[in-house]
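Chemist: Following this message is one structure expressed as structure tokens.
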Amino acid sequence: MAGFSINLLTLLALVLATGLIVDDAIVVLENAQRLQNEGLGRKASAVLGTRQVFFAVIATTAVLISVFVPISFLPSDAGRLFREFGFVLALAVLISSFVALSLVPALAAKMNLSTNDSRDGRLARFGGALNDRYGRMVRWSLDRPMLVILISVAAAAAAGLLYPTLSNEVVPEGDRGVLEVYATGPDGVGIAYMDGQMDAIEQVIEPLERSGVIRSTFSIVGRWDPNRIQVTAQLADWSDRDQSQAELVDSLRAPLERIPGSRISPRGRGTLDIGGGGGEQIEVALTGTDYDEIYRRARALADAIDTRSDMLANAEISYQPTQPQIALAVDRRRAAELGVDLEQLSVTLRAMVGGDEVVDLNVGDQALPILLTSETTTITSPSDLNNLYVRTTAGGLTPLSTIVSIKEEGVAAQLDRVAQRRAIEVTADITSGTIAEAVTEIRRLAEATGNPEADLILQGEAETLAETSNALLLTYGFALVIVFLVLVAQFESLTSALVILLTVPFALAAAVLALFLSGTSLNIYSQIGLVMLIGLMAKNGILIVEFADQLRLEGKSVREAAEEAATLRLRPIMMTLISTVVGAVPLIIATGAGAEARTSIGWVIFGGLGLAGVFTLFLTPVLYIVIAKFGKPRKADLTRLNRELDDAADGSPQTAGAH
């Protein structure tokens, strides 16, 4: 219906949805089973159990959708990539809640879910012991609320200190089985020279072809310019080789750099080629008002990269004033004295050097250009231009050398502009570290060489990284605000919504710890996982807070409601927690091509939700007794309104006002 295809992102969403879509059914079924164990009939347990958790299921579904949908509207490349991811997850959660509130109660009403006869089982005894232990730990935590809060804040602060140490990149380094080699020779060289460079490159990669690591190569000499080479090598399947794509690039870098006469860079093709720069290169643009001054600063930066950096190497400048050019300076006074028309001079040069199109010959439905050219051997060197003759207005011929002077000079092949400013691009290979570390390094070198920060513009993947980071930070803020508004609307209470929202930062802190321990970088995939955690963490809090509000309406105190709600909701929370965490396990243990992306988001869900889920089982009831006492539970105002309406119907407004 939405026109989405089966691709990496939709499949990733479906894998994550496998653990999510059973959560609502678990909550409904567990509550119906609990009521059957208390002695209610099957139908009564199904109806009453569904009614008790109906609001919680609706609230969790609304929260998850409010988190997934903003992912689909991320700006820049990240939003376009994850539009399908967010909508698929949101739709899966919406359908799962409908099934949980319709089909699951119908099935529960037909089945005997009671487990009273199996209390002596080993698993039942373990579950009972675990529930008793958790109840004692919750009571201990509720007796010392400030201590629990301080420990939680300290853990979150520790994770905040670990956050800057995480590697930061746009996408994790992937293996698509494609290796590319780019070579740039001196300006002005011809195809024959670059053919020799191509032979040298092929000698370097020939051992990999003989061993079967490289299955085929496609080489282009003269790509875009005569002095450029591109080689595309298709690698063997990842299961048929011992070295990864990145390891092959590292092994080729040194021997290729030893080839004299050209700048040669090997690169690997990533899983998602966004940003245009490739994961092994960094590209910046230096801007200014004068190309000569910009080139001086670019040259200083390139020299610093080659001599003073352990992370960057093989710097290349887009502006090279070495393109050979022949300039003809016309002596206009002398030309006027000899009667030489400048237009006639232009026609002569065009015809003798490059050919001049004089007319089109129409043959049938085709137009064939007629070119006026010289013999192919007439102009072979700049000195041959002196042998040309130009016709004067009097009808005679005069040598070209009498009216022009010939000068050979070097100019830039192209003049770049970035953000409507004159600019020169500097590109360097990243030999170690991530793109974020390379950005820090090149800014340090730029400052050391007198390049102001205002004149340094990130390009390629470095620019994409900055845009994506800003977009995701904005998404975090929107997700938190939307979740809070949804919770306030659902609970009709600021305090209940605040209790749930305050547990979210601890989920993010746990995810940071999981990324640090697993060595996973902070990239688009792991950042999307962090956004998902906002909804998943709020889901656990809703189950406790909603039931605690129900108990308060029955007349229990805030402390009693928090303790009983946490104890009774332990089993569904743990079951939904386990289902979601286990659903992320296939992502963590994934191997092969593209596994880097799946591992990144898998560790965020597995580690973040696993650690924070257990941790907030104690933090949520503690926050509830601290904050919820300042507000009224949901339905309190509705109950009062119903009483007032009943009193008004009886004709006793004074009594209604007394309430």
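By convention here, the chains of the structure tokens are called A, B, ... in the order presented, each chain's residues are numbered starting at 1, and ligands are numbered starting at 1 in the order presented.
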Mind checking which residues fall within 9 Å of Thr115 (chain A), counting only C-alpha atoms, ignoring those fewer than 5 positions away in the same chain, and posting them as a list in words?
Modeler: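 So the residues in contact are Gln33, Arg34, Gln36, Asn37 and Ala124 of chain A.
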Chemist: I'd like the neighbourhood of region 297-303 of chain A as a VMD selection string, where a residue qualifies if any of its atoms comes within 9 Å (using only C-alpha atoms), though same-chain residues fewer than 4 positions away should be ignored.
Modeler: chain A and resid 285 to 286 292 to 293 307 to 308 313 to 317 319 424 to 428 442 445 to 446 448 to 451
Chemist: Report as a ChimeraX atom specification all protein, DNA and RNA residues lying within 8 Å of Asn387 (chain A), evaluated on only C-alpha atoms, omitting residues in the same chain fewer than 5 positions from it.
Modeler: /A:399-401
Chemist: Using only C-alpha atoms, which residues sit within 10 Å of Leu12 (chain A) once same-chain residues fewer than 5 positions away are excluded, as a list in words?
Modeler: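 So, after excluding close chain neighbours, the residues are Ile6, Asn7, Ala17, Phe85, Val88, Leu89, Leu587, Ala597, Arg598, Ile601 and Gly602 of chain A.
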Chemist: Next, the residues of the selection above should be written as a tab-separated table (two decimals), in the first residue's frame with all heavy atoms.
Modeler:
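selection02.tsv was written with the following content:
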chain	number	residue	atom	x	y	z
A	6	ILE	N	11.08	-4.72	-0.17
A	6	ILE	CA	11.81	-5.53	0.80
A	6	ILE	C	13.29	-5.20	0.64
A	6	ILE	O	13.90	-5.55	-0.38
A	6	ILE	CB	11.55	-7.03	0.59
A	6	ILE	CG1	10.07	-7.34	0.83
A	6	ILE	CG2	12.41	-7.86	1.52
A	6	ILE	CD1	9.70	-8.79	0.58
A	7	ASN	N	13.86	-4.52	1.60
A	7	ASN	CA	15.25	-4.10	1.52
A	7	ASN	C	15.88	-4.19	2.91
A	7	ASN	O	15.27	-4.69	3.86
A	7	ASN	CB	15.36	-2.68	0.95
A	7	ASN	CG	14.48	-1.69	1.68
A	7	ASN	OD1	14.58	-1.54	2.90
A	7	ASN	ND2	13.59	-1.02	0.95
A	17	ALA	N	10.54	-5.88	14.95
A	17	ALA	CA	9.11	-6.01	15.26
A	17	ALA	C	8.78	-7.39	15.79
A	17	ALA	O	7.79	-7.56	16.52
A	17	ALA	CB	8.28	-5.73	14.00
A	85	PHE	N	11.70	2.33	7.45
A	85	PHE	CA	11.96	1.68	8.74
A	85	PHE	C	10.93	2.12	9.79
A	85	PHE	O	10.32	1.29	10.47
A	85	PHE	CB	13.37	2.04	9.19
A	85	PHE	CG	13.75	1.51	10.54
A	85	PHE	CD1	14.25	0.23	10.70
A	85	PHE	CD2	13.61	2.30	11.68
A	85	PHE	CE1	14.60	-0.26	11.94
A	85	PHE	CE2	13.96	1.82	12.92
A	85	PHE	CZ	14.45	0.53	13.06
A	88	VAL	N	7.15	0.99	8.89
A	88	VAL	CA	6.93	-0.45	9.04
A	88	VAL	C	6.80	-0.82	10.51
A	88	VAL	O	5.91	-1.59	10.90
A	88	VAL	CB	8.08	-1.24	8.37
A	88	VAL	CG1	8.02	-2.72	8.76
A	88	VAL	CG2	7.99	-1.10	6.86
A	89	LEU	N	7.67	-0.28	11.36
A	89	LEU	CA	7.58	-0.57	12.79
A	89	LEU	C	6.28	-0.04	13.39
A	89	LEU	O	5.62	-0.71	14.19
A	89	LEU	CB	8.78	0.03	13.51
A	89	LEU	CG	10.02	-0.85	13.66
A	89	LEU	CD1	11.12	-0.10	14.37
A	89	LEU	CD2	9.69	-2.12	14.40
A	587	LEU	N	20.26	-10.06	15.67
A	587	LEU	CA	21.01	-8.93	15.12
A	587	LEU	C	22.44	-8.91	15.64
A	587	LEU	O	23.38	-8.56	14.92
A	587	LEU	CB	20.31	-7.62	15.47
A	587	LEU	CG	18.88	-7.45	14.95
A	587	LEU	CD1	18.28	-6.14	15.45
A	587	LEU	CD2	18.86	-7.49	13.43
A	597	ALA	N	25.71	-3.15	10.30
A	597	ALA	CA	24.52	-2.33	10.56
A	597	ALA	C	23.60	-3.02	11.56
A	597	ALA	O	23.09	-2.39	12.49
A	597	ALA	CB	23.78	-2.05	9.25
A	598	ARG	N	23.37	-4.31	11.38
A	598	ARG	CA	22.46	-5.03	12.27
A	598	ARG	C	23.03	-5.12	13.68
A	598	ARG	O	22.29	-5.03	14.66
A	598	ARG	CB	22.21	-6.43	11.70
A	598	ARG	CG	21.54	-6.41	10.34
A	598	ARG	CD	21.10	-7.79	9.90
A	598	ARG	NE	22.24	-8.62	9.50
A	598	ARG	CZ	22.74	-8.67	8.28
A	598	ARG	NH1	22.24	-7.89	7.34
A	598	ARG	NH2	23.75	-9.47	7.99
A	601	ILE	N	22.45	-1.65	15.84
A	601	ILE	CA	21.14	-1.43	16.46
A	601	ILE	C	20.79	-2.56	17.41
A	601	ILE	O	20.08	-2.37	18.40
A	601	ILE	CB	20.06	-1.26	15.36
A	601	ILE	CG1	18.80	-0.63	15.95
A	601	ILE	CG2	19.75	-2.56	14.66
A	601	ILE	CD1	17.82	-0.17	14.90
A	602	GLY	N	21.32	-3.77	17.15
A	602	GLY	CA	21.05	-4.90	18.05
A	602	GLY	C	21.63	-4.69	19.43
A	602	GLY	O	20.97	-4.98	20.44
